[in-house]
$ cat final-v6.txt   # compact mmCIF, C-alpha atoms and all ligand atoms
# COMPACT_ATOMS: atom_id res chain seq x y z
CA MET A 1 72.88 -24.66 -41.61
CA SER A 2 73.17 -21.82 -39.10
CA HIS A 3 73.63 -18.45 -40.76
CA PHE A 4 74.26 -16.72 -37.46
CA PHE A 5 78.05 -16.92 -37.79
CA ASP A 6 77.88 -15.21 -41.17
CA THR A 7 77.01 -12.05 -39.21
CA VAL A 8 80.10 -12.28 -36.97
CA PRO A 9 82.89 -10.44 -38.80
CA PHE A 10 86.28 -12.06 -39.36
CA SER A 11 89.30 -9.99 -38.42
CA GLY A 12 91.04 -8.04 -41.18
CA ILE A 13 94.28 -9.32 -39.60
CA ILE A 14 93.56 -12.66 -41.30
CA ARG A 15 93.01 -10.97 -44.66
CA ILE A 16 96.29 -9.06 -44.33
CA ARG A 17 98.07 -12.31 -43.44
CA ASP A 18 96.79 -13.88 -46.66
CA MET A 19 97.94 -10.82 -48.65
CA MET A 20 101.42 -11.05 -47.04
CA TYR A 21 101.90 -14.64 -48.25
CA ALA A 22 101.93 -13.25 -51.80
CA VAL A 23 104.76 -10.81 -50.98
CA GLU A 24 108.38 -11.82 -51.53
CA ARG A 25 110.80 -10.99 -48.67
CA PRO A 26 108.06 -9.36 -46.57
CA PHE A 27 108.45 -7.31 -43.38
CA ARG A 28 105.88 -9.01 -41.14
CA LEU A 29 104.99 -6.16 -38.83
CA ASP A 30 101.32 -7.08 -39.22
CA GLN A 31 101.03 -10.04 -36.85
CA GLY A 32 101.39 -9.89 -33.08
CA ASP A 33 103.95 -12.68 -32.88
CA VAL A 34 107.32 -12.34 -31.18
CA SER A 35 110.48 -13.32 -33.06
CA PHE A 36 111.91 -15.09 -29.97
CA ASP A 37 111.67 -18.85 -29.56
CA ALA A 38 110.21 -20.64 -26.54
CA PRO A 39 112.79 -21.05 -23.72
CA GLU A 40 114.78 -24.28 -23.21
CA THR A 41 112.86 -24.94 -19.97
CA VAL A 42 109.66 -25.29 -22.01
CA LYS A 43 111.17 -27.36 -24.80
CA ALA A 44 112.92 -29.74 -22.37
CA ALA A 45 109.72 -30.24 -20.32
CA MET A 46 107.74 -31.04 -23.48
CA ALA A 47 110.42 -33.47 -24.71
CA ARG A 48 110.36 -35.16 -21.29
CA ALA A 49 106.55 -35.37 -21.34
CA ILE A 50 106.69 -37.14 -24.71
CA ALA A 51 109.43 -39.53 -23.57
CA ASP A 52 107.39 -40.32 -20.43
CA ASN A 53 104.30 -41.04 -22.52
CA ARG A 54 102.28 -38.24 -21.01
CA THR A 55 100.06 -38.44 -24.03
CA HIS A 56 96.73 -39.48 -22.49
CA TYR A 57 93.52 -37.71 -21.51
CA LEU A 58 93.79 -35.33 -18.57
CA GLN A 59 91.62 -33.48 -16.06
CA THR A 60 89.49 -30.98 -17.99
CA ALA A 61 90.50 -27.90 -15.95
CA GLY A 62 94.23 -28.61 -16.26
CA VAL A 63 97.09 -30.76 -14.93
CA PRO A 64 96.93 -30.35 -11.12
CA ARG A 65 100.62 -29.35 -10.88
CA LEU A 66 100.07 -26.59 -13.47
CA GLN A 67 96.96 -25.34 -11.62
CA GLU A 68 98.94 -25.32 -8.37
CA LEU A 69 101.84 -23.33 -9.90
CA LEU A 70 99.42 -20.87 -11.51
CA ALA A 71 97.50 -20.36 -8.25
CA GLN A 72 100.84 -19.54 -6.56
CA LYS A 73 101.81 -17.21 -9.42
CA LEU A 74 98.51 -15.32 -9.23
CA ASN A 75 98.92 -14.78 -5.48
CA ALA A 76 102.62 -13.92 -5.49
CA LYS A 77 103.00 -11.98 -8.74
CA ASN A 78 99.53 -10.57 -9.50
CA GLY A 79 98.23 -10.09 -5.95
CA VAL A 80 95.04 -11.98 -6.85
CA PRO A 81 93.74 -13.88 -3.78
CA VAL A 82 93.21 -17.28 -5.43
CA ALA A 83 92.22 -19.59 -2.58
CA SER A 84 92.59 -22.95 -4.30
CA PRO A 85 94.20 -24.38 -7.47
CA ASP A 86 90.65 -25.46 -8.45
CA GLU A 87 89.95 -21.81 -9.30
CA ILE A 88 92.44 -22.02 -12.21
CA LEU A 89 91.05 -23.11 -15.58
CA VAL A 90 93.63 -23.90 -18.27
CA SER A 91 92.66 -23.05 -21.86
CA ASN A 92 93.92 -23.37 -25.41
CA GLY A 93 95.46 -19.88 -25.32
CA GLY A 94 93.91 -16.61 -24.21
CA ILE A 95 91.67 -16.43 -27.26
CA HIS A 96 89.95 -19.68 -26.22
CA ALA A 97 89.63 -18.49 -22.61
CA LEU A 98 87.82 -15.34 -23.79
CA PHE A 99 85.56 -17.29 -26.15
CA ILE A 100 84.31 -19.73 -23.51
CA LEU A 101 84.21 -17.08 -20.81
CA PHE A 102 81.77 -14.90 -22.77
CA GLN A 103 79.70 -18.00 -23.59
CA ALA A 104 79.46 -18.66 -19.85
CA LEU A 105 78.78 -15.05 -18.80
CA LEU A 106 76.28 -13.75 -21.35
CA ASN A 107 72.63 -14.19 -22.15
CA PRO A 108 71.58 -13.12 -25.66
CA GLY A 109 71.34 -9.33 -25.81
CA ASP A 110 73.60 -8.69 -22.80
CA GLU A 111 75.91 -5.75 -23.38
CA VAL A 112 79.68 -5.79 -22.92
CA ILE A 113 81.61 -2.52 -22.85
CA ILE A 114 84.97 -2.76 -24.63
CA PRO A 115 87.58 -0.15 -25.59
CA ASP A 116 87.54 1.36 -29.08
CA PRO A 117 89.95 0.57 -30.72
CA GLN A 118 90.36 -3.06 -29.52
CA TRP A 119 91.95 -6.32 -30.78
CA PRO A 120 89.14 -7.80 -32.97
CA PRO A 121 88.72 -11.27 -31.37
CA THR A 122 87.29 -9.61 -28.23
CA ALA A 123 84.25 -8.42 -30.18
CA GLY A 124 84.19 -11.74 -32.06
CA ALA A 125 83.92 -13.70 -28.78
CA ILE A 126 81.13 -11.44 -27.48
CA LEU A 127 79.14 -11.60 -30.73
CA SER A 128 79.62 -15.37 -30.88
CA ALA A 129 77.93 -15.56 -27.46
CA ARG A 130 75.00 -13.52 -28.87
CA GLY A 131 76.14 -10.55 -26.80
CA VAL A 132 76.09 -6.89 -27.82
CA VAL A 133 79.38 -5.01 -28.21
CA VAL A 134 79.29 -1.47 -26.79
CA ARG A 135 82.44 0.39 -27.81
CA CYS A 136 83.72 3.12 -25.52
CA PRO A 137 86.55 5.22 -26.99
CA ILE A 138 89.99 5.34 -25.46
CA HIS A 139 91.82 8.55 -26.23
CA GLU A 140 95.32 9.16 -27.57
CA PRO A 141 95.83 12.42 -25.59
CA LEU A 142 95.01 10.46 -22.40
CA GLY A 143 97.68 7.84 -23.23
CA TRP A 144 95.02 5.64 -24.80
CA ARG A 145 92.91 5.45 -21.63
CA PHE A 146 89.18 5.86 -21.05
CA ASP A 147 87.52 9.15 -20.20
CA LEU A 148 85.96 7.72 -17.03
CA ASP A 149 82.78 9.85 -17.30
CA GLU A 150 82.28 8.58 -20.84
CA LEU A 151 82.78 5.02 -19.60
CA ALA A 152 80.18 5.52 -16.85
CA ARG A 153 77.74 6.87 -19.45
CA SER A 154 78.20 3.68 -21.53
CA VAL A 155 76.54 1.59 -18.80
CA THR A 156 72.88 0.74 -19.47
CA PRO A 157 70.42 -1.61 -17.75
CA ARG A 158 71.56 -4.31 -20.25
CA THR A 159 75.26 -4.02 -19.36
CA ARG A 160 76.65 -7.23 -17.89
CA VAL A 161 80.43 -6.94 -18.31
CA ILE A 162 83.16 -4.32 -18.60
CA TYR A 163 86.15 -5.74 -20.51
CA VAL A 164 89.50 -4.15 -19.74
CA ASN A 165 92.77 -4.91 -21.51
CA SER A 166 95.85 -3.40 -19.91
CA PRO A 167 98.42 -3.21 -21.47
CA GLN A 168 96.21 -2.82 -24.50
CA ASN A 169 96.26 -4.17 -28.03
CA PRO A 170 96.47 -2.25 -30.39
CA THR A 171 97.46 1.00 -28.64
CA GLY A 172 99.82 -0.12 -25.85
CA GLY A 173 97.82 2.01 -23.39
CA VAL A 174 98.16 1.05 -19.73
CA LEU A 175 95.40 1.83 -17.23
CA THR A 176 96.49 3.60 -14.03
CA PRO A 177 95.65 2.34 -10.52
CA ASP A 178 93.12 5.24 -10.30
CA ASP A 179 91.48 4.10 -13.56
CA LEU A 180 91.16 0.53 -12.29
CA GLU A 181 89.77 1.68 -8.95
CA ALA A 182 87.17 3.85 -10.71
CA ILE A 183 86.22 0.96 -13.01
CA ALA A 184 85.95 -1.33 -9.97
CA ARG A 185 83.61 1.15 -8.24
CA LEU A 186 81.50 1.40 -11.40
CA ALA A 187 81.26 -2.40 -11.65
CA ALA A 188 80.31 -2.71 -7.97
CA ARG A 189 77.69 0.08 -8.26
CA HIS A 190 75.96 -1.61 -11.21
CA ASP A 191 76.69 -5.20 -10.17
CA LEU A 192 78.78 -5.97 -13.27
CA TRP A 193 81.49 -8.50 -14.08
CA ILE A 194 84.93 -7.34 -15.14
CA VAL A 195 86.85 -9.41 -17.66
CA SER A 196 90.48 -8.38 -17.27
CA ASP A 197 92.58 -9.42 -20.28
CA GLU A 198 96.17 -9.37 -19.06
CA ALA A 199 97.84 -11.04 -22.04
CA TYR A 200 100.63 -8.41 -21.95
CA GLU A 201 101.17 -8.41 -18.15
CA ASP A 202 104.93 -8.86 -18.64
CA VAL A 203 105.37 -6.42 -21.51
CA VAL A 204 105.57 -3.11 -19.66
CA PHE A 205 108.10 -0.33 -20.08
CA GLY A 206 108.83 1.72 -16.96
CA VAL A 207 105.37 1.17 -15.44
CA LYS A 208 104.01 -1.59 -13.21
CA HIS A 209 101.29 -3.98 -14.32
CA LEU A 210 98.27 -4.03 -12.01
CA SER A 211 95.46 -6.59 -12.15
CA ALA A 212 91.89 -5.37 -11.62
CA ALA A 213 91.33 -8.65 -9.73
CA SER A 214 93.93 -7.63 -7.11
CA LEU A 215 91.93 -4.62 -5.90
CA PRO A 216 90.25 -5.17 -2.51
CA GLY A 217 87.14 -7.32 -2.87
CA MET A 218 87.27 -7.31 -6.68
CA TYR A 219 88.35 -10.89 -7.41
CA ALA A 220 84.78 -12.02 -6.64
CA ARG A 221 83.50 -10.15 -9.74
CA THR A 222 86.66 -10.05 -11.89
CA ILE A 223 87.96 -12.81 -14.13
CA PRO A 224 91.63 -12.23 -14.97
CA VAL A 225 92.72 -13.90 -18.23
CA TYR A 226 96.35 -14.70 -19.07
CA THR A 227 98.45 -16.42 -21.71
CA PHE A 228 101.90 -18.00 -22.04
CA SER A 229 102.05 -16.66 -25.62
CA LYS A 230 103.69 -13.31 -24.96
CA SER A 231 105.53 -13.87 -21.64
CA TYR A 232 107.25 -17.11 -22.76
CA ALA A 233 107.16 -16.78 -26.57
CA MET A 234 104.77 -19.73 -26.85
CA THR A 235 102.29 -18.33 -29.39
CA GLY A 236 101.93 -21.50 -31.45
CA LEU A 237 101.82 -23.87 -28.49
CA ARG A 238 98.48 -22.48 -27.29
CA LEU A 239 98.39 -22.21 -23.52
CA GLY A 240 96.29 -19.76 -21.51
CA TYR A 241 94.35 -19.68 -18.25
CA MET A 242 91.90 -17.75 -16.14
CA ALA A 243 91.05 -17.60 -12.45
CA VAL A 244 87.40 -17.83 -11.43
CA ALA A 245 86.26 -17.45 -7.81
CA ASP A 246 82.55 -18.04 -8.46
CA THR A 247 81.77 -21.77 -8.32
CA ALA A 248 78.65 -21.68 -10.53
CA LEU A 249 80.50 -19.77 -13.25
CA ARG A 250 83.47 -22.10 -12.91
CA ASP A 251 81.28 -25.17 -13.43
CA ARG A 252 79.80 -23.62 -16.56
CA ILE A 253 83.26 -22.82 -17.94
CA LYS A 254 84.47 -26.34 -17.17
CA LYS A 255 81.61 -27.69 -19.27
CA LEU A 256 82.63 -25.41 -22.13
CA LEU A 257 86.26 -26.46 -21.73
CA PHE A 258 85.21 -30.08 -21.93
CA PHE A 259 82.99 -29.62 -24.98
CA THR A 260 85.62 -27.60 -26.87
CA THR A 261 88.86 -29.39 -25.95
CA SER A 262 88.23 -32.28 -23.49
CA ASN A 263 91.55 -31.05 -22.15
CA VAL A 264 94.28 -28.76 -23.45
CA SER A 265 97.18 -30.69 -25.06
CA SER A 266 98.97 -32.68 -22.35
CA VAL A 267 102.45 -32.04 -23.74
CA VAL A 268 101.86 -28.29 -23.92
CA GLN A 269 100.63 -28.21 -20.31
CA TYR A 270 103.86 -29.92 -19.23
CA GLY A 271 105.69 -27.23 -21.22
CA GLY A 272 103.83 -24.66 -19.09
CA ILE A 273 105.00 -26.43 -15.93
CA GLY A 274 108.57 -26.25 -17.29
CA ALA A 275 108.15 -22.51 -17.93
CA LEU A 276 106.97 -21.84 -14.37
CA GLU A 277 109.39 -24.15 -12.57
CA GLY A 278 112.38 -22.88 -14.54
CA SER A 279 114.23 -19.57 -14.26
CA GLN A 280 112.04 -16.53 -14.85
CA ASP A 281 115.03 -14.51 -16.18
CA VAL A 282 113.82 -15.12 -19.71
CA VAL A 283 110.68 -13.03 -19.10
CA GLU A 284 112.81 -10.01 -18.21
CA GLU A 285 115.20 -10.71 -21.11
CA TYR A 286 112.31 -10.66 -23.60
CA ARG A 287 110.88 -7.53 -21.99
CA ALA A 288 114.19 -5.64 -22.12
CA GLU A 289 114.73 -6.61 -25.77
CA LEU A 290 111.19 -5.51 -26.66
CA GLN A 291 111.86 -2.14 -25.03
CA ALA A 292 115.03 -1.76 -27.13
CA ARG A 293 113.03 -2.66 -30.27
CA ARG A 294 110.34 -0.16 -29.35
CA ASP A 295 112.97 2.57 -29.05
CA LEU A 296 114.66 1.53 -32.30
CA PHE A 297 111.34 1.57 -34.16
CA TYR A 298 110.18 4.94 -32.82
CA ALA A 299 113.62 6.50 -33.54
CA GLY A 300 113.15 5.37 -37.15
CA VAL A 301 109.57 6.64 -37.32
CA ALA A 302 110.86 10.06 -36.20
CA THR A 303 112.94 10.24 -39.41
CA LEU A 304 109.84 9.95 -41.64
CA GLY A 305 109.14 13.67 -41.58
CA GLY A 306 105.91 13.41 -39.62
CA VAL A 307 104.02 11.14 -41.99
CA LEU A 308 103.52 8.67 -39.09
CA THR A 309 103.30 9.98 -35.53
CA GLY A 310 102.63 8.77 -32.00
CA ARG A 311 104.09 8.46 -28.52
CA PRO A 312 105.99 5.26 -27.62
CA PRO A 313 103.61 3.04 -25.63
CA ASP A 314 104.08 2.01 -21.98
CA GLY A 315 103.13 -1.59 -22.71
CA ALA A 316 102.45 -4.36 -25.27
CA PHE A 317 104.51 -4.42 -28.48
CA TYR A 318 102.61 -2.37 -31.02
CA ALA A 319 103.16 1.06 -32.51
CA PHE A 320 99.71 2.50 -33.14
CA LEU A 321 100.59 5.45 -35.34
CA ARG A 322 98.48 8.28 -36.71
CA PHE A 323 99.10 8.89 -40.41
CA ASP A 324 99.15 12.18 -42.24
CA PRO A 325 95.95 12.22 -44.36
CA GLY A 326 98.04 13.95 -47.07
CA TRP A 327 100.48 10.99 -47.25
CA LYS A 328 100.00 10.59 -51.03
CA ASP A 329 101.82 13.87 -51.69
CA ARG A 330 104.86 12.43 -49.93
CA CYS A 331 105.08 9.23 -51.93
CA ALA A 332 107.98 8.53 -54.25
CA ARG A 333 105.70 6.48 -56.51
CA GLU A 334 102.40 7.24 -58.15
CA THR A 335 99.46 6.42 -55.93
CA GLY A 336 96.74 6.84 -58.54
CA GLY A 337 96.49 3.12 -59.10
CA ALA A 338 96.40 2.20 -55.41
CA PRO A 339 93.31 0.17 -54.60
CA THR A 340 90.75 1.71 -52.31
CA THR A 341 88.94 -0.83 -50.21
CA ALA A 342 85.31 -0.48 -49.42
CA VAL A 343 84.56 -1.48 -45.82
CA GLY A 344 80.88 -1.52 -44.90
CA GLY A 345 80.19 0.32 -48.17
CA GLU A 346 82.54 3.17 -47.28
CA THR A 347 86.05 3.98 -48.41
CA SER A 348 88.55 3.41 -45.67
CA PRO A 349 91.68 5.54 -45.58
CA SER A 350 93.58 3.17 -43.29
CA TRP A 351 92.92 0.17 -45.57
CA GLU A 352 94.09 2.22 -48.55
CA LEU A 353 97.42 3.13 -46.93
CA THR A 354 97.89 -0.43 -45.64
CA GLU A 355 97.43 -1.89 -49.11
CA TYR A 356 99.79 0.71 -50.56
CA LEU A 357 102.52 -0.16 -48.02
CA ILE A 358 102.14 -3.88 -48.69
CA ALA A 359 102.18 -3.48 -52.48
CA ASN A 360 104.94 -0.87 -52.69
CA GLY A 361 107.06 -1.44 -49.58
CA ARG A 362 106.54 -5.13 -48.66
CA ILE A 363 105.53 -3.83 -45.21
CA GLY A 364 102.79 -5.65 -43.32
CA CYS A 365 100.69 -3.59 -40.93
CA ILE A 366 97.05 -3.50 -39.81
CA PRO A 367 94.60 -0.73 -40.72
CA GLY A 368 93.44 1.03 -37.55
CA VAL A 369 89.78 0.79 -38.51
CA ASP A 370 89.97 -3.00 -38.18
CA PHE A 371 90.10 -2.43 -34.40
CA GLY A 372 86.97 -0.25 -34.36
CA PRO A 373 85.73 3.07 -35.76
CA ALA A 374 87.96 5.08 -33.38
CA GLY A 375 91.01 3.42 -34.99
CA GLU A 376 90.46 5.06 -38.39
CA GLY A 377 93.37 7.36 -39.23
CA TYR A 378 95.91 5.00 -37.62
CA LEU A 379 98.02 1.96 -38.55
CA ARG A 380 99.30 -0.75 -36.19
CA PHE A 381 102.87 -2.01 -36.59
CA CYS A 382 104.20 -4.85 -34.40
CA PHE A 383 107.70 -4.08 -33.10
CA ALA A 384 108.26 -7.57 -31.60
CA ARG A 385 109.95 -8.61 -34.87
CA ASP A 386 113.75 -8.92 -34.89
CA ARG A 387 115.87 -5.82 -35.28
CA ALA A 388 116.91 -6.54 -38.88
CA GLU A 389 113.27 -6.86 -39.94
CA LEU A 390 112.35 -3.61 -38.16
CA GLU A 391 115.29 -1.81 -39.81
CA GLY A 392 114.30 -3.20 -43.20
CA ALA A 393 110.73 -1.97 -42.76
CA LEU A 394 111.97 1.48 -41.69
CA ALA A 395 114.30 1.73 -44.71
CA SER A 396 111.39 0.78 -46.94
CA LEU A 397 109.15 3.43 -45.32
CA ARG A 398 111.87 6.04 -45.86
CA THR A 399 112.06 5.12 -49.55
CA ILE A 400 108.29 5.22 -49.94
CA PHE A 401 107.93 8.60 -48.27
CA ARG A 402 111.12 10.08 -49.81
CA SER A 403 112.52 10.95 -46.35
N1 LIG B 501 94.30 -10.78 -25.57
C1 LIG B 501 94.91 -9.87 -26.33
C2 LIG B 501 94.65 -8.45 -26.10
C3 LIG B 501 95.80 -10.29 -27.35
O1 LIG B 501 96.40 -9.38 -28.11
C4 LIG B 501 96.02 -11.67 -27.53
C5 LIG B 501 96.88 -12.13 -28.62
O2 LIG B 501 97.31 -11.43 -29.48
C6 LIG B 501 95.35 -12.56 -26.68
C7 LIG B 501 94.50 -12.09 -25.71
C8 LIG B 501 95.44 -14.06 -26.78
O3 LIG B 501 96.61 -14.62 -27.13
P1 LIG B 501 96.72 -16.21 -27.25
O4 LIG B 501 95.44 -16.73 -27.78
O5 LIG B 501 97.87 -16.45 -28.15
O6 LIG B 501 96.95 -16.71 -25.86

$ encode --input "final-v6.txt" --output "structure tokens" --more "lines below"
Ligand code: PLP
Amino acid sequence: MSHFFDTVPFSGIIRIRDMMYAVERPFRLDQGDVSFDAPETVKAAMARAIADNRTHYLQTAGVPRLQELLAQKLNAKNGVPVASPDEILVSNGGIHALFILFQALLNPGDEVIIPDPQWPPTAGAILSARGVVVRCPIHEPLGWRFDLDELARSVTPRTRVIYVNSPQNPTGGVLTPDDLEAIARLAARHDLWIVSDEAYEDVVFGVKHLSAASLPGMYARTIPVYTFSKSYAMTGLRLGYMAVADTALRDRIKKLLFFTTSNVSSVVQYGGIGALEGSQDVVEEYRAELQARRDLFYAGVATLGGVLTGRPPDGAFYAFLRFDPGWKDRCARETGGAPTTAVGGETSPSWELTEYLIANGRIGCIPGVDFGPAGEGYLRFCFARDRAELEGALASLRTIFRS
């Protein structure tokens, strides 16, 4: 039996999810799932695919019509110069795309620079490929962006990839065009790949999404990764994709796609075709509603007397909030009995507050430290839940903190 995977940590998000199942009438602000349902265009296309018996094996890289639509989308919407539908590789969600991509890119010991804090499966995919995770902080006063000098200093002779995620999970930070140009220059100078995780490309508030792969000459060394999960509320259906210009890398990824899925579910791929052929109004409707929920949630947080603070993000759908280290003095209930979780042998303040909120307020959230050491002192709340659930969670927070 291989013990290697015992050394790859599981995300605390999974542990929180298990804890939430024990809570009656919970406020599920822990998981990054939208409360919307998939659009009719997707459901009708999947129903049609079933009725037409499109239930057989398919091409490993994806249904040709889906590849063709995605190649058009990348050119027209993202400004990525995809030359042929063959460059599109369809995956079982973005998480699968990242997993096989790092398997294809890394040799054991290769370093990948990622933001700190960062959504845990990124590090999981790198470690699973025997890579080395090099965390470079992103900073709250900079709008959760890199200090570009610090990023440049993170490059070593072992660096192979810079991973960027804009808009970012968990902070909602969005990289500026200047940031992306500087990162592109750094990658070109050191001959590095860029993995550009654009899962939240459509969840932006008052700013424009820009793909690193759209910068002049950068598609050759940049692999943009996307998902239908957030743009079309298809989290459980599992549909993602990436665009790869390099033929050798593409052949390697195709092998990994074949060994891990043979092909992504036929019916779900037809659902993706339905999403792209149908009206795109739904993407803007979801975005506008998420912006309203963001504003509702932050207005509520402002009534908590400063126990949780932070600036509303420009993208994604998470509130990554700093907590007052003296929060116990504000609590309506005794905190003496609150469990303190040991993480890596140390007491973690963000786990302690998370467990207190679950036990005493039925509020699910994720401890900031689960996203990396720079996330300690913060909690992540997902504001993509419906308004009633957000209001319930806020009322519960007000009761807990006597505000
Ligand atoms: N990348 C980031 C930053 C995410 O937050 C997520 C999902 O939460 C994904 C990729 C992948 O999403 P999925 O596997 O549902 O496509």

$ closest_residue --input "final-v6.txt" --among "A:Gly392, A:Pro141, A:Gly375, A:Pro224" --to "Pro115 in chain A" --atoms "all atoms listed in the file"
A:Gly375

$ atom_distance --input "final-v6.txt" --atom1 "CA of Asp370 in chain A" --atom2 "CA of Leu237 in chain A"
25.9 Å

$ residues_around --input "final-v6.txt" --residues "Leu276 in chain A" --least-positions-apart "4" --cutoff "9 Å" --atoms "all atoms listed in the file" --output "ChimeraX atom specification"
/A:41-42,66,69-70,73,271-272,280

$ closest_residue --input "final-v6.txt" --among "A:Glu181, A:Asp52, A:Asp197, A:Glu289" --to "Asp386 in chain A" --atoms "all atoms listed in the file"
A:Glu289

$ closest_residue --input "final-v6.txt" --among "A:Ala38, A:Ala292, A:Leu215, A:Leu239" --to "Asn263 in chain A" --atoms "only C-alpha atoms"
A:Leu239

$ atom_distance --input "final-v6.txt" --atom1 "CA of His3 in chain A" --atom2 "CA of Glu111 in chain A"
21.6 Å

$ residues_near_ligand --input "final-v6.txt" --ligand "ligand LIG 501 (chain B)" --cutoff "10 Å" --atoms "all atoms listed in the file" --output "ChimeraX atom specification"
/A:31-33,91-98,118-122,164-170,172,196-200,225-231,233-241,316-318

$ atom_distance --input "final-v6.txt" --atom1 "CA of Cys331 in chain A" --atom2 "CA of Gly12 in chain A"
24.7 Å

$ closest_residue --input "final-v6.txt" --among "A:Glu140, A:Asp147, A:Glu334, A:Glu201" --to "Tyr378 in chain A" --atoms "all atoms listed in the file"
A:Glu140

$ closest_residue --input "final-v6.txt" --among "A:Lys254, A:Leu296, A:Gly306, A:Asp30" --to "Ile14 in chain A" --atoms "all atoms listed in the file"
A:Asp30

$ closest_residue --input "final-v6.txt" --among "A:Cys136, A:Val34, A:Arg387, A:Ile400" --to "Ala359 in chain A" --atoms "all atoms listed in the file"
A:Ile400

$ residues_around --input "final-v6.txt" --residues "Pro312 in chain A" --least-positions-apart "6" --cutoff "8 Å" --atoms "all atoms listed in the file" --output "PyMOL selection string"
chain A and resi 294-295+298+319

$ residues_around --input "final-v6.txt" --residues "Phe4 in chain A" --least-positions-apart "3" --cutoff "12 Å" --atoms "only C-alpha atoms" --output "list in words"
Met1, Thr7, Val8, Pro9, Leu127, Ser128, Ala129 and Arg130 of chain A

$ residues_around --input "final-v6.txt" --residues "Leu105 in chain A" --least-positions-apart "5" --cutoff "10 Å" --atoms "only C-alpha atoms" --output "PyMOL selection string"
chain A and resi 100+110+126+129+131+160-161+193+195+249+252-253

$ residues_around --input "final-v6.txt" --residues "Cys365 in chain A" --least-positions-apart "3" --cutoff "6 Å" --atoms "all atoms listed in the file" --output "mmCIF file with C-alpha atoms, in the frame of the given file"
data_model
loop_
_atom_site.group_PDB
_atom_site.id
_atom_site.type_symbol
_atom_site.label_atom_id
_atom_site.label_comp_id
_atom_site.auth_asym_id
_atom_site.auth_seq_id
_atom_site.Cartn_x
_atom_site.Cartn_y
_atom_site.Cartn_z
ATOM 1 C CA LEU A 29 104.990 -6.160 -38.830
ATOM 2 C CA ASP A 30 101.320 -7.080 -39.220
ATOM 3 C CA ARG A 380 99.300 -0.750 -36.190
ATOM 4 C CA PHE A 381 102.870 -2.010 -36.590
#
